[in-house]
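Chemist: File name protein.txt; file contents compact mmCIF, C-alpha atoms and all ligand atoms; full text below.
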```
# COMPACT_ATOMS: atom_id res chain seq x y z
CA MET A 8 85.07 41.94 5.34
CA GLU A 9 83.00 39.15 3.78
CA ARG A 10 85.12 36.41 2.29
CA GLY A 11 84.32 33.84 -0.34
CA GLN A 12 86.10 31.17 -2.34
CA ARG A 13 87.23 30.68 -5.89
CA VAL A 14 88.71 27.91 -8.00
CA VAL A 15 92.10 28.85 -9.49
CA VAL A 16 94.01 27.18 -12.32
CA SER A 17 97.64 28.05 -11.50
CA ALA A 18 99.26 26.25 -14.49
CA TRP A 19 98.15 24.10 -17.45
CA GLY A 20 98.30 20.34 -16.99
CA GLU A 21 99.19 17.73 -19.60
CA THR A 22 95.51 16.66 -19.44
CA PRO A 23 92.49 18.04 -17.55
CA LEU A 24 92.79 15.29 -14.93
CA GLU A 25 96.48 16.01 -14.40
CA ALA A 26 95.64 19.71 -14.10
CA LEU A 27 92.98 18.85 -11.55
CA GLU A 28 95.43 16.82 -9.47
CA SER A 29 98.30 19.30 -9.58
CA PHE A 30 97.25 22.79 -10.57
CA VAL A 31 93.60 23.46 -9.78
CA ARG A 32 92.81 24.60 -6.24
CA LEU A 33 90.12 26.22 -4.16
CA GLU A 34 91.39 29.51 -2.67
CA PRO A 35 89.88 32.14 -0.38
CA GLN A 36 88.45 35.15 -2.22
CA GLU A 37 88.00 38.70 -0.93
CA ARG A 38 85.02 40.63 -2.20
CA PRO A 39 86.32 42.67 -5.13
CA GLU A 40 85.21 46.25 -5.82
CA PRO A 41 83.92 46.97 -9.32
CA GLY A 42 85.82 49.62 -11.28
CA PRO A 43 84.32 52.02 -13.82
CA GLY A 44 82.06 50.22 -16.28
CA GLU A 45 82.11 46.96 -14.26
CA VAL A 46 79.50 45.06 -12.30
CA LEU A 47 80.15 42.71 -9.42
CA VAL A 48 78.09 39.53 -9.64
CA ARG A 49 77.43 37.16 -6.77
CA VAL A 50 77.55 33.81 -8.55
CA ARG A 51 74.61 31.52 -7.78
CA SER A 52 75.29 28.80 -10.32
CA CYS A 53 78.18 28.00 -12.66
CA ALA A 54 78.14 25.31 -15.34
CA VAL A 55 80.97 22.81 -15.44
CA GLY A 56 81.72 22.78 -19.16
CA TRP A 57 83.74 20.43 -21.32
CA VAL A 58 85.62 23.50 -22.52
CA ASP A 59 86.46 24.50 -18.91
CA LEU A 60 88.12 21.13 -18.45
CA LEU A 61 89.95 21.15 -21.76
CA MET A 62 91.20 24.70 -21.15
CA SER A 63 92.90 23.61 -17.93
CA SER A 64 95.36 21.61 -20.06
CA GLY A 65 95.82 24.40 -22.61
CA GLN A 66 94.38 22.10 -25.31
CA TYR A 67 91.46 24.29 -26.25
CA GLN A 68 91.98 26.65 -29.18
CA HIS A 69 91.34 29.68 -26.99
CA MET A 70 93.89 29.88 -24.18
CA ALA A 71 93.34 31.43 -20.76
CA PRO A 72 96.76 32.26 -19.31
CA PRO A 73 97.10 30.99 -15.71
CA PRO A 74 96.38 31.99 -13.05
CA TYR A 75 92.68 32.31 -13.81
CA THR A 76 89.31 31.23 -12.42
CA PRO A 77 87.49 28.78 -14.71
CA GLY A 78 83.76 28.86 -15.41
CA LEU A 79 82.71 30.11 -18.85
CA GLU A 80 79.03 30.09 -18.12
CA PHE A 81 77.33 31.29 -14.98
CA ALA A 82 74.36 33.15 -13.55
CA GLY A 83 73.91 35.24 -10.42
CA GLN A 84 72.83 38.50 -8.86
CA VAL A 85 74.34 41.93 -9.35
CA GLU A 86 75.77 42.97 -6.00
CA ALA A 87 77.57 46.23 -6.79
CA LEU A 88 78.01 48.65 -9.68
CA GLY A 89 81.11 50.54 -10.77
CA ALA A 90 80.99 54.15 -11.89
CA GLU A 91 79.22 54.92 -15.17
CA VAL A 92 77.14 51.72 -15.24
CA THR A 93 73.63 52.50 -16.44
CA THR A 94 72.52 49.15 -17.91
CA ALA A 95 72.24 47.11 -14.69
CA GLN A 96 70.97 47.59 -11.16
CA VAL A 97 71.90 46.03 -7.85
CA GLY A 98 69.74 42.93 -7.38
CA ASP A 99 69.33 42.17 -11.09
CA HIS A 100 69.44 38.48 -11.98
CA VAL A 101 71.92 38.06 -14.80
CA VAL A 102 73.62 35.52 -17.03
CA ALA A 103 77.26 36.06 -17.97
CA ASP A 104 77.88 36.43 -21.69
CA GLY A 105 80.82 34.05 -21.93
CA PHE A 106 82.14 35.72 -25.10
CA ARG A 107 82.53 39.03 -23.23
CA THR A 108 83.76 37.92 -19.83
CA GLY A 109 85.49 34.93 -18.24
CA PRO A 110 87.98 32.44 -19.73
CA ARG A 111 86.47 32.41 -23.27
CA SER A 112 86.73 36.22 -23.57
CA HIS A 113 89.69 38.39 -24.54
CA GLY A 114 91.37 40.93 -22.27
CA ASP A 115 91.01 42.08 -18.68
CA HIS A 116 88.08 39.90 -17.60
CA GLN A 117 89.41 36.59 -18.87
CA ARG A 118 90.58 35.56 -15.40
CA TRP A 119 87.14 36.20 -13.84
CA GLY A 120 85.32 32.91 -14.44
CA GLY A 121 82.21 31.82 -12.56
CA MET A 122 83.65 29.08 -10.33
CA ALA A 123 83.82 31.61 -7.51
CA THR A 124 81.72 33.44 -4.96
CA TRP A 125 82.06 36.68 -6.97
CA ALA A 126 82.90 37.59 -10.54
CA LEU A 127 83.71 41.00 -11.95
CA MET A 128 82.52 41.61 -15.49
CA PRO A 129 82.06 44.50 -17.90
CA ALA A 130 78.47 45.73 -17.67
CA ARG A 131 77.80 44.75 -21.30
CA ALA A 132 78.50 41.09 -20.38
CA ALA A 133 75.66 41.01 -17.83
CA MET A 134 72.65 39.74 -19.77
CA PRO A 135 69.25 39.61 -18.04
CA LEU A 136 68.40 36.10 -16.80
CA PRO A 137 65.25 35.07 -18.70
CA GLU A 138 62.28 35.12 -16.31
CA ALA A 139 61.36 31.54 -17.12
CA LEU A 140 64.74 30.19 -16.00
CA SER A 141 66.36 29.40 -12.67
CA PHE A 142 69.99 30.34 -12.03
CA ASP A 143 70.98 26.73 -12.82
CA GLU A 144 69.13 26.74 -16.11
CA GLY A 145 70.55 30.16 -17.01
CA ALA A 146 74.07 28.87 -16.40
CA CYS A 147 73.44 26.00 -18.83
CA LEU A 148 71.81 28.02 -21.60
CA LEU A 149 74.05 30.03 -23.89
CA GLY A 150 76.99 27.81 -24.81
CA SER A 151 74.92 24.73 -25.61
CA TYR A 152 71.97 26.36 -27.35
CA GLU A 153 74.07 28.87 -29.29
CA THR A 154 76.12 25.93 -30.53
CA ALA A 155 72.97 23.99 -31.44
CA CYS A 156 71.60 26.96 -33.40
CA HIS A 157 74.89 27.52 -35.14
CA VAL A 158 75.21 23.87 -36.16
CA LEU A 159 71.64 23.15 -37.17
CA MET A 160 70.41 26.50 -38.50
CA HIS A 161 73.42 28.36 -39.82
CA ARG A 162 75.57 25.47 -40.98
CA ALA A 163 73.34 22.44 -41.67
CA ARG A 164 70.29 24.54 -42.66
CA LEU A 165 68.16 21.74 -41.25
CA GLN A 166 64.69 21.59 -42.81
CA PRO A 167 61.38 20.36 -41.38
CA GLY A 168 60.93 16.67 -42.14
CA GLU A 169 64.66 15.96 -42.47
CA THR A 170 66.41 13.41 -40.27
CA VAL A 171 69.45 14.24 -38.17
CA LEU A 172 71.76 11.75 -36.47
CA ILE A 173 73.12 13.25 -33.22
CA HIS A 174 76.14 11.70 -31.48
CA GLY A 175 76.92 12.54 -27.85
CA ALA A 176 73.23 13.34 -27.46
CA SER A 177 73.23 12.95 -23.67
CA GLY A 178 75.80 15.73 -23.28
CA SER A 179 75.18 19.44 -22.80
CA THR A 180 75.53 20.44 -26.44
CA GLY A 181 74.16 17.20 -27.91
CA LEU A 182 70.97 17.44 -25.88
CA ALA A 183 70.52 21.08 -26.91
CA GLY A 184 70.94 19.80 -30.48
CA VAL A 185 68.14 17.27 -29.95
CA GLN A 186 65.80 19.93 -28.61
CA VAL A 187 66.58 22.54 -31.30
CA ALA A 188 66.27 19.95 -34.08
CA LYS A 189 62.81 18.98 -32.81
CA LEU A 190 61.75 22.64 -32.69
CA LEU A 191 62.90 22.95 -36.30
CA GLY A 192 60.59 20.09 -37.24
CA ALA A 193 63.24 17.44 -37.87
CA ARG A 194 63.33 13.77 -36.92
CA VAL A 195 66.12 12.94 -34.44
CA ILE A 196 68.11 9.74 -34.09
CA ALA A 197 70.27 10.09 -30.97
CA THR A 198 73.23 7.90 -30.07
CA GLY A 199 75.18 7.23 -26.88
CA ARG A 200 76.97 4.58 -24.86
CA SER A 201 74.50 4.19 -22.01
CA PRO A 202 71.00 2.74 -22.50
CA GLU A 203 69.88 4.41 -19.25
CA LYS A 204 70.97 7.86 -20.38
CA LEU A 205 69.52 7.25 -23.83
CA ALA A 206 66.13 6.49 -22.27
CA GLU A 207 66.32 9.95 -20.70
CA VAL A 208 67.34 11.51 -24.03
CA LYS A 209 64.27 9.92 -25.60
CA ARG A 210 62.06 11.26 -22.83
CA LEU A 211 63.54 14.70 -23.52
CA GLY A 212 62.66 14.67 -27.20
CA ALA A 213 64.65 12.28 -29.44
CA ASP A 214 62.48 10.20 -31.79
CA HIS A 215 64.82 7.21 -31.79
CA VAL A 216 67.83 6.27 -29.68
CA LEU A 217 70.67 3.89 -30.53
CA ALA A 218 73.28 2.50 -28.16
CA ILE A 219 76.61 2.56 -29.99
CA GLY A 220 77.84 -0.51 -28.09
CA ASP A 221 81.35 -1.81 -27.92
CA GLY A 222 82.63 -2.81 -31.36
CA GLU A 223 85.99 -1.68 -32.75
CA GLY A 224 87.10 1.40 -30.81
CA GLY A 225 83.97 1.09 -28.65
CA VAL A 226 81.55 1.52 -31.56
CA ARG A 227 79.44 -1.24 -33.14
CA ARG A 228 78.13 -1.24 -36.73
CA PHE A 229 74.85 0.72 -36.65
CA ARG A 230 74.50 1.92 -40.27
CA ASP A 231 71.70 -0.53 -41.15
CA GLU A 232 69.47 0.56 -38.27
CA VAL A 233 70.05 4.24 -39.06
CA LYS A 234 69.25 3.73 -42.74
CA GLU A 235 66.08 1.89 -41.84
CA LEU A 236 65.00 4.62 -39.43
CA SER A 237 65.73 7.37 -41.95
CA ASP A 238 64.32 5.91 -45.17
CA GLY A 239 67.73 5.22 -46.68
CA GLY A 240 70.10 7.57 -44.85
CA VAL A 241 70.11 10.71 -42.75
CA HIS A 242 70.21 14.24 -44.17
CA VAL A 243 72.46 15.59 -41.44
CA VAL A 244 75.05 14.17 -39.01
CA TRP A 245 75.92 16.03 -35.79
CA ASP A 246 79.28 14.67 -34.73
CA GLY A 247 80.25 15.81 -31.24
CA VAL A 248 82.16 12.59 -30.50
CA GLY A 249 84.78 11.97 -33.24
CA GLY A 250 87.03 8.97 -33.85
CA VAL A 251 85.50 5.64 -34.91
CA ILE A 252 81.92 6.92 -34.71
CA SER A 253 82.67 9.50 -37.42
CA LEU A 254 83.69 6.73 -39.82
CA GLU A 255 80.59 4.65 -39.11
CA SER A 256 78.47 7.79 -39.58
CA LEU A 257 79.77 8.27 -43.11
CA ARG A 258 77.96 5.00 -43.92
CA CYS A 259 74.67 6.23 -42.44
CA VAL A 260 74.02 9.14 -44.77
CA ARG A 261 72.06 9.66 -47.96
CA PHE A 262 73.74 11.21 -51.03
CA GLY A 263 74.40 14.93 -50.57
CA ALA A 264 74.05 14.88 -46.77
CA ARG A 265 75.62 17.49 -44.48
CA PHE A 266 78.20 16.22 -42.01
CA CYS A 267 78.61 18.66 -39.12
CA ILE A 268 81.78 18.57 -37.08
CA VAL A 269 80.79 19.80 -33.64
CA GLY A 270 83.52 18.34 -31.41
CA TRP A 271 85.50 15.24 -30.49
CA ALA A 272 84.57 14.15 -26.97
CA ALA A 273 85.95 10.63 -27.62
CA THR A 274 89.32 11.92 -28.82
CA PRO A 275 89.86 15.10 -26.81
CA PHE A 276 93.64 15.18 -26.94
CA VAL A 277 94.19 16.28 -30.53
CA ALA A 278 96.52 19.10 -29.46
CA GLN A 279 99.66 19.12 -27.29
CA GLY A 280 99.13 19.33 -23.52
CA LYS A 281 100.28 22.20 -21.29
CA GLY A 282 99.39 24.77 -23.93
CA GLY A 283 101.77 23.39 -26.58
CA ARG A 284 100.70 24.15 -30.15
CA GLY A 285 100.08 21.83 -33.08
CA ALA A 286 97.58 18.96 -33.44
CA PRO A 287 99.61 15.76 -33.74
CA ARG A 288 96.61 13.51 -32.98
CA ALA A 289 93.91 15.22 -35.06
CA ASN A 290 90.98 13.16 -36.37
CA GLN A 291 90.90 12.33 -40.07
CA LEU A 292 88.04 11.57 -42.46
CA PRO A 293 88.34 9.40 -45.61
CA THR A 294 88.07 11.54 -48.75
CA ASN A 295 86.78 8.60 -50.84
CA LEU A 296 83.56 8.32 -48.84
CA ILE A 297 83.07 12.07 -48.76
CA GLN A 298 83.45 12.14 -52.54
CA MET A 299 81.22 9.14 -53.39
CA LYS A 300 78.42 10.34 -51.11
CA GLY A 301 78.66 13.95 -52.31
CA LEU A 302 78.89 15.11 -48.71
CA ASP A 303 79.15 18.67 -47.44
CA VAL A 304 81.56 18.48 -44.48
CA LEU A 305 80.92 21.50 -42.31
CA GLY A 306 83.12 22.83 -39.52
CA CYS A 307 80.86 24.39 -36.89
CA PRO A 308 82.76 26.53 -34.35
CA ALA A 309 80.02 28.55 -32.62
CA ALA A 310 82.32 31.16 -31.08
CA ILE A 311 84.94 31.63 -33.80
CA SER A 312 82.28 31.99 -36.49
CA THR A 313 80.94 35.14 -34.80
CA LEU A 314 84.31 36.86 -35.21
CA HIS A 315 83.96 36.39 -38.96
CA ASP A 316 80.25 37.17 -39.15
CA PRO A 317 79.02 39.24 -36.18
CA SER A 318 75.44 39.11 -37.52
CA LEU A 319 75.18 35.42 -36.50
CA ARG A 320 75.01 36.08 -32.80
CA PRO A 321 72.01 38.43 -32.53
CA ARG A 322 70.04 36.08 -34.78
CA ARG A 323 70.65 32.97 -32.74
CA LEU A 324 70.32 34.74 -29.37
CA GLY A 325 67.00 36.18 -30.52
CA TRP A 326 65.73 32.73 -31.48
CA ILE A 327 66.87 31.16 -28.21
CA LEU A 328 65.42 33.85 -25.94
CA GLN A 329 62.15 33.81 -27.85
CA HIS A 330 61.80 30.04 -27.44
CA VAL A 331 62.75 30.22 -23.76
CA ALA A 332 60.09 32.89 -23.21
CA LEU A 333 57.52 30.70 -24.99
CA GLY A 334 58.40 27.84 -22.63
CA LYS A 335 59.70 25.71 -25.51
CA LEU A 336 63.36 25.51 -24.48
CA HIS A 337 64.48 24.25 -21.08
CA PRO A 338 68.13 23.50 -20.42
CA GLN A 339 68.44 20.12 -18.74
CA VAL A 340 70.43 20.44 -15.51
CA GLY A 341 71.93 17.28 -14.07
CA PRO A 342 73.69 17.17 -10.70
CA ALA A 343 74.56 20.27 -8.64
CA PHE A 344 77.70 20.31 -6.50
CA SER A 345 78.91 22.83 -3.93
CA LEU A 346 81.96 24.84 -4.99
CA ALA A 347 84.00 22.93 -2.39
CA ASP A 348 83.22 19.73 -4.32
CA PHE A 349 84.40 21.11 -7.66
CA GLU A 350 86.87 18.22 -8.09
CA GLN A 351 84.06 15.68 -7.91
CA ALA A 352 82.03 17.76 -10.40
CA TRP A 353 84.92 17.98 -12.89
CA ARG A 354 85.46 14.22 -12.73
CA ALA A 355 81.74 13.54 -13.20
CA LYS A 356 81.72 15.81 -16.28
CA TRP A 357 84.87 14.30 -17.76
CA SER A 358 83.45 10.78 -17.45
CA SER A 359 79.96 11.69 -18.77
CA ARG A 360 78.09 10.49 -15.67
CA PHE A 361 74.86 12.42 -16.26
CA VAL A 362 72.47 13.81 -18.86
CA GLY A 363 72.67 17.51 -19.82
CA GLY A 364 74.55 20.13 -17.81
CA CYS A 365 76.17 20.00 -14.39
CA VAL A 366 76.55 22.99 -12.08
CA LEU A 367 78.48 24.30 -9.09
CA HIS A 368 76.85 26.36 -6.33
CA PRO A 369 79.25 28.77 -4.66
CA GLY A 370 76.73 29.14 -1.81
N1 LIG B 401 81.25 23.48 -32.14
C1 LIG B 401 81.26 24.22 -31.05
O1 LIG B 401 81.24 25.44 -31.08
C2 LIG B 401 81.24 23.54 -29.70
C3 LIG B 401 80.66 24.17 -28.58
C4 LIG B 401 80.64 23.45 -27.36
C5 LIG B 401 81.21 22.20 -27.29
N2 LIG B 401 81.80 21.65 -28.40
C6 LIG B 401 82.43 20.33 -28.36
O2 LIG B 401 81.41 19.35 -28.33
C7 LIG B 401 81.87 18.19 -27.65
C8 LIG B 401 80.89 17.83 -26.56
O3 LIG B 401 80.83 18.88 -25.61
P1 LIG B 401 79.75 18.83 -24.44
O4 LIG B 401 79.89 20.07 -23.68
O5 LIG B 401 78.42 18.47 -24.98
O6 LIG B 401 80.32 17.63 -23.60
P2 LIG B 401 79.54 16.59 -22.69
O7 LIG B 401 78.40 17.27 -22.02
O8 LIG B 401 80.55 15.95 -21.84
O9 LIG B 401 78.92 15.54 -23.71
C9 LIG B 401 79.69 14.75 -24.55
C10 LIG B 401 78.95 13.46 -24.79
O10 LIG B 401 79.74 12.68 -25.68
C11 LIG B 401 79.69 11.33 -25.31
N3 LIG B 401 81.07 10.85 -25.10
C12 LIG B 401 82.00 11.33 -24.25
N4 LIG B 401 83.14 10.59 -24.31
C13 LIG B 401 82.90 9.64 -25.22
C14 LIG B 401 83.68 8.55 -25.73
N5 LIG B 401 84.92 8.32 -25.28
N6 LIG B 401 83.12 7.75 -26.68
C15 LIG B 401 81.87 7.98 -27.12
N7 LIG B 401 81.08 8.98 -26.64
C16 LIG B 401 81.59 9.79 -25.73
C17 LIG B 401 78.95 11.22 -23.98
O11 LIG B 401 77.69 10.61 -24.22
P3 LIG B 401 77.37 9.11 -23.69
O12 LIG B 401 78.01 8.98 -22.35
O13 LIG B 401 75.89 9.11 -23.66
O14 LIG B 401 77.95 8.20 -24.71
C18 LIG B 401 78.77 12.65 -23.53
O15 LIG B 401 77.51 12.88 -22.93
C19 LIG B 401 83.27 18.55 -27.12
O16 LIG B 401 84.24 18.05 -28.01
C20 LIG B 401 83.27 20.06 -27.13
O17 LIG B 401 84.56 20.61 -27.27
C21 LIG B 401 81.81 22.29 -29.59
```
Let's see the structure in the file written out as structure tokens.
Modeler:
Amino acid sequence: MERGQRVVVSAWGETPLEALESFVRLEPQERPEPGPGEVLVRVRSCAVGWVDLLMSSGQYQHMAPPPYTPGLEFAGQVEALGAEVTTAQVGDHVVADGFRTGPRSHGDHQRWGGMATWALMPARAAMPLPEALSFDEGACLLGSYETACHVLMHRARLQPGETVLIHGASGSTGLAGVQVAKLLGARVIATGRSPEKLAEVKRLGADHVLAIGDGEGGVRRFRDEVKELSDGGVHVVWDGVGGVISLESLRCVRFGARFCIVGWAATPFVAQGKGGRGAPRANQLPTNLIQMKGLDVLGCPAAISTLHDPSLRPRRLGWILQHVALGKLHPQVGPAFSLADFEQAWRAKWSSRFVGGCVLHPG
């Protein structure tokens, strides 16, 4: 019998790095047989996501009970079909719908993430890989671009000619935000800590880039430059970083701007580790500035929002797939690691060592 390998999270750590050291292992995997309504996918590429790392410490809002295989987003080839499957064929190239299978889903397939040789999924989770994309690009598509559409279209209602300030722009979601904002006709000011990575972000579409430097809490005062670049203040802030940068951003806006909370990469440990509940270290925003600037502060959870309004998803997926087919959207894939080097890949992701996504190849 052919054997493969899979990454297994056997318990939640206090932090992702502690989980990695103590509870995340590579194990042998036997080829599973698909049951009725399931497809067996041979994984060709799996994204290493921020959420995968955060989930390993039980600090993400959606918990995957250990033991499970991480890997929310992946692409591969259908290798076998269970009974009653009519929507896929052996050999099809597919992308996993991470809301319907793997750690971000609910139910039986939650433990079947993509950091493995094989993944079982319900047939309805196997979406066709767009022809224009490689397996690596397919693995880096949905989470980032769905988030970008949710933030910029459905929440910020970004308009052509407006200016958006995007923090964490070198990351998977931030870079998708840069590209979607440009397609919507906006002007983009992108920030980050590394001038080298920012040069790449500019090459990939940002109009202006700003290094945030090393002032208080690692962030310098940049409000004057942003105001100058945006004729008095930006219309929209995309905050995927949190902490001190959020406060400085409140000084970069024009009256009535929209402040989008996307994430908090700089302050990831808002919740208790090891799956404990509560948020004892949550970020806070000053109400006086929000009031005086007439700001709309918008929470932007791309996945949770679809539970409350299922019509959001078909709209944003339609937009994304259309722009991929037109050759206007290309996920940026950074380094690729073999599955055996997953530890190295997780550390590279956690310390933001590259621009865009990062993938594992099970081989
Ligand atoms: N709203 C949603 O539905 C949604 C969906 C997906 C992700 N998220 C959240 O969005 C955030 C980013 O996720 P991602 O997948 O894009 O992660 P990522 O690829 O690791 O990118 C995060 C970026 O933030 C910057 N950053 C990281 N640590 C920082 C620090 N200590 N100080 C300042 N900047 C820092 C880095 O840019 P530089 O190195 O260039 O500074 C990095 O490229 C996370 O909080 C994630 O949970 C939200």
Chemist: Would you mind telling me which residue in A:Pro35, A:Gly239, A:Gly121, A:Gly224 lies nearest to ligand LIG 401 (chain B) when using all atoms listed in the file?
Modeler: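 The shortest atom-to-atom distance to ligand LIG 401 (chain B) comes from A:Gly224.
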Chemist: At a cut-off of 8 Å, using only C-alpha atoms, what residues contact segment 37-49 of chain A? Leave out same-chain residues fewer than 6 positions from it and give the result as a list in words.
Modeler: Met8, Glu9, Arg10, Gly11, Gln12, Gly83, Gln84, Val85, Glu86, Ala87, Leu88, Gly89, Ala90, Glu91, Val92, Ala95, Thr124, Trp125, Ala126, Leu127, Met128, Pro129, Ala130 and Ala133 of chain A
Chemist: Calculate how many Å separate atom CA of Asp246 of chain A from atom CA of Arg164 of chain A, rounding to one decimal.
Modeler: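 Atom CA of Arg164 of chain A lies at a distance of 15.5 Å from atom CA of Asp246 of chain A.
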Chemist: Set the cut-off to 8 Å, count all atoms listed in the file, and list whatever residues fall near ligand LIG 401 (chain B) as a PyMOL selection string.
Modeler: chain A and resi 56-58+61+67+150-151+154+157-158+174-182+198-201+204-205+219+225-226+247-249+252+268-275+306-311+356-364
Chemist: Write the residues you've just listed into a file as a compact mmCIF listing (two decimals), in the frame of the given file, and include C-alpha atoms for each of them.
Modeler:
```txt
# COMPACT_ATOMS: atom_id res chain seq x y z
CA GLY A 56 81.72 22.78 -19.16
CA TRP A 57 83.74 20.43 -21.32
CA VAL A 58 85.62 23.50 -22.52
CA LEU A 61 89.95 21.15 -21.76
CA TYR A 67 91.46 24.29 -26.25
CA GLY A 150 76.99 27.81 -24.81
CA SER A 151 74.92 24.73 -25.61
CA THR A 154 76.12 25.93 -30.53
CA HIS A 157 74.89 27.52 -35.14
CA VAL A 158 75.21 23.87 -36.16
CA HIS A 174 76.14 11.70 -31.48
CA GLY A 175 76.92 12.54 -27.85
CA ALA A 176 73.23 13.34 -27.46
CA SER A 177 73.23 12.95 -23.67
CA GLY A 178 75.80 15.73 -23.28
CA SER A 179 75.18 19.44 -22.80
CA THR A 180 75.53 20.44 -26.44
CA GLY A 181 74.16 17.20 -27.91
CA LEU A 182 70.97 17.44 -25.88
CA THR A 198 73.23 7.90 -30.07
CA GLY A 199 75.18 7.23 -26.88
CA ARG A 200 76.97 4.58 -24.86
CA SER A 201 74.50 4.19 -22.01
CA LYS A 204 70.97 7.86 -20.38
CA LEU A 205 69.52 7.25 -23.83
CA ILE A 219 76.61 2.56 -29.99
CA GLY A 225 83.97 1.09 -28.65
CA VAL A 226 81.55 1.52 -31.56
CA GLY A 247 80.25 15.81 -31.24
CA VAL A 248 82.16 12.59 -30.50
CA GLY A 249 84.78 11.97 -33.24
CA ILE A 252 81.92 6.92 -34.71
CA ILE A 268 81.78 18.57 -37.08
CA VAL A 269 80.79 19.80 -33.64
CA GLY A 270 83.52 18.34 -31.41
CA TRP A 271 85.50 15.24 -30.49
CA ALA A 272 84.57 14.15 -26.97
CA ALA A 273 85.95 10.63 -27.62
CA THR A 274 89.32 11.92 -28.82
CA PRO A 275 89.86 15.10 -26.81
CA GLY A 306 83.12 22.83 -39.52
CA CYS A 307 80.86 24.39 -36.89
CA PRO A 308 82.76 26.53 -34.35
CA ALA A 309 80.02 28.55 -32.62
CA ALA A 310 82.32 31.16 -31.08
CA ILE A 311 84.94 31.63 -33.80
CA LYS A 356 81.72 15.81 -16.28
CA TRP A 357 84.87 14.30 -17.76
CA SER A 358 83.45 10.78 -17.45
CA SER A 359 79.96 11.69 -18.77
CA ARG A 360 78.09 10.49 -15.67
CA PHE A 361 74.86 12.42 -16.26
CA VAL A 362 72.47 13.81 -18.86
CA GLY A 363 72.67 17.51 -19.82
CA GLY A 364 74.55 20.13 -17.81
```
Chemist: Which residue is closest to Leu296 of chain A? Choose from A:Ser318, A:Ser256, A:Gln329, A:Ser63 and count all atoms listed in the file.
Modeler: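 Closest residue, counting all atoms listed in the file: A:Ser256.
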Chemist: Could you model N, CA and C atoms for segment 168-179 of chain A and present them as a short mmCIF file (atom, residue, chain, number, x, y, z; two decimals), in the coordinates of the input?
Modeler:
```cif
data_model
loop_
_atom_site.label_atom_id
_atom_site.label_comp_id
_atom_site.auth_asym_id
_atom_site.auth_seq_id
_atom_site.Cartn_x
_atom_site.Cartn_y
_atom_site.Cartn_z
N GLY A 168 61.10 17.96 -41.47
CA GLY A 168 60.93 16.67 -42.14
C GLY A 168 62.23 15.95 -42.41
N GLU A 169 63.37 16.64 -42.26
CA GLU A 169 64.66 15.96 -42.47
C GLU A 169 65.02 15.15 -41.21
N THR A 170 65.96 14.22 -41.40
CA THR A 170 66.41 13.41 -40.27
C THR A 170 67.84 13.74 -39.93
N VAL A 171 68.10 13.93 -38.64
CA VAL A 171 69.45 14.24 -38.17
C VAL A 171 69.90 13.17 -37.17
N LEU A 172 71.15 12.74 -37.36
CA LEU A 172 71.76 11.75 -36.47
C LEU A 172 72.66 12.52 -35.51
N ILE A 173 72.37 12.44 -34.20
CA ILE A 173 73.12 13.25 -33.22
C ILE A 173 73.93 12.34 -32.29
N HIS A 174 75.26 12.48 -32.36
CA HIS A 174 76.14 11.70 -31.48
C HIS A 174 76.48 12.53 -30.23
N GLY A 175 76.66 11.82 -29.11
CA GLY A 175 76.92 12.54 -27.85
C GLY A 175 75.67 13.26 -27.39
N ALA A 176 74.51 12.65 -27.68
CA ALA A 176 73.23 13.34 -27.46
C ALA A 176 72.88 13.51 -25.98
N SER A 177 73.54 12.78 -25.09
CA SER A 177 73.23 12.95 -23.67
C SER A 177 73.99 14.13 -23.07
N GLY A 178 74.97 14.66 -23.82
CA GLY A 178 75.80 15.73 -23.28
C GLY A 178 75.13 17.09 -23.37
N SER A 179 75.80 18.10 -22.85
CA SER A 179 75.18 19.44 -22.80
C SER A 179 74.84 19.93 -24.19
#
```
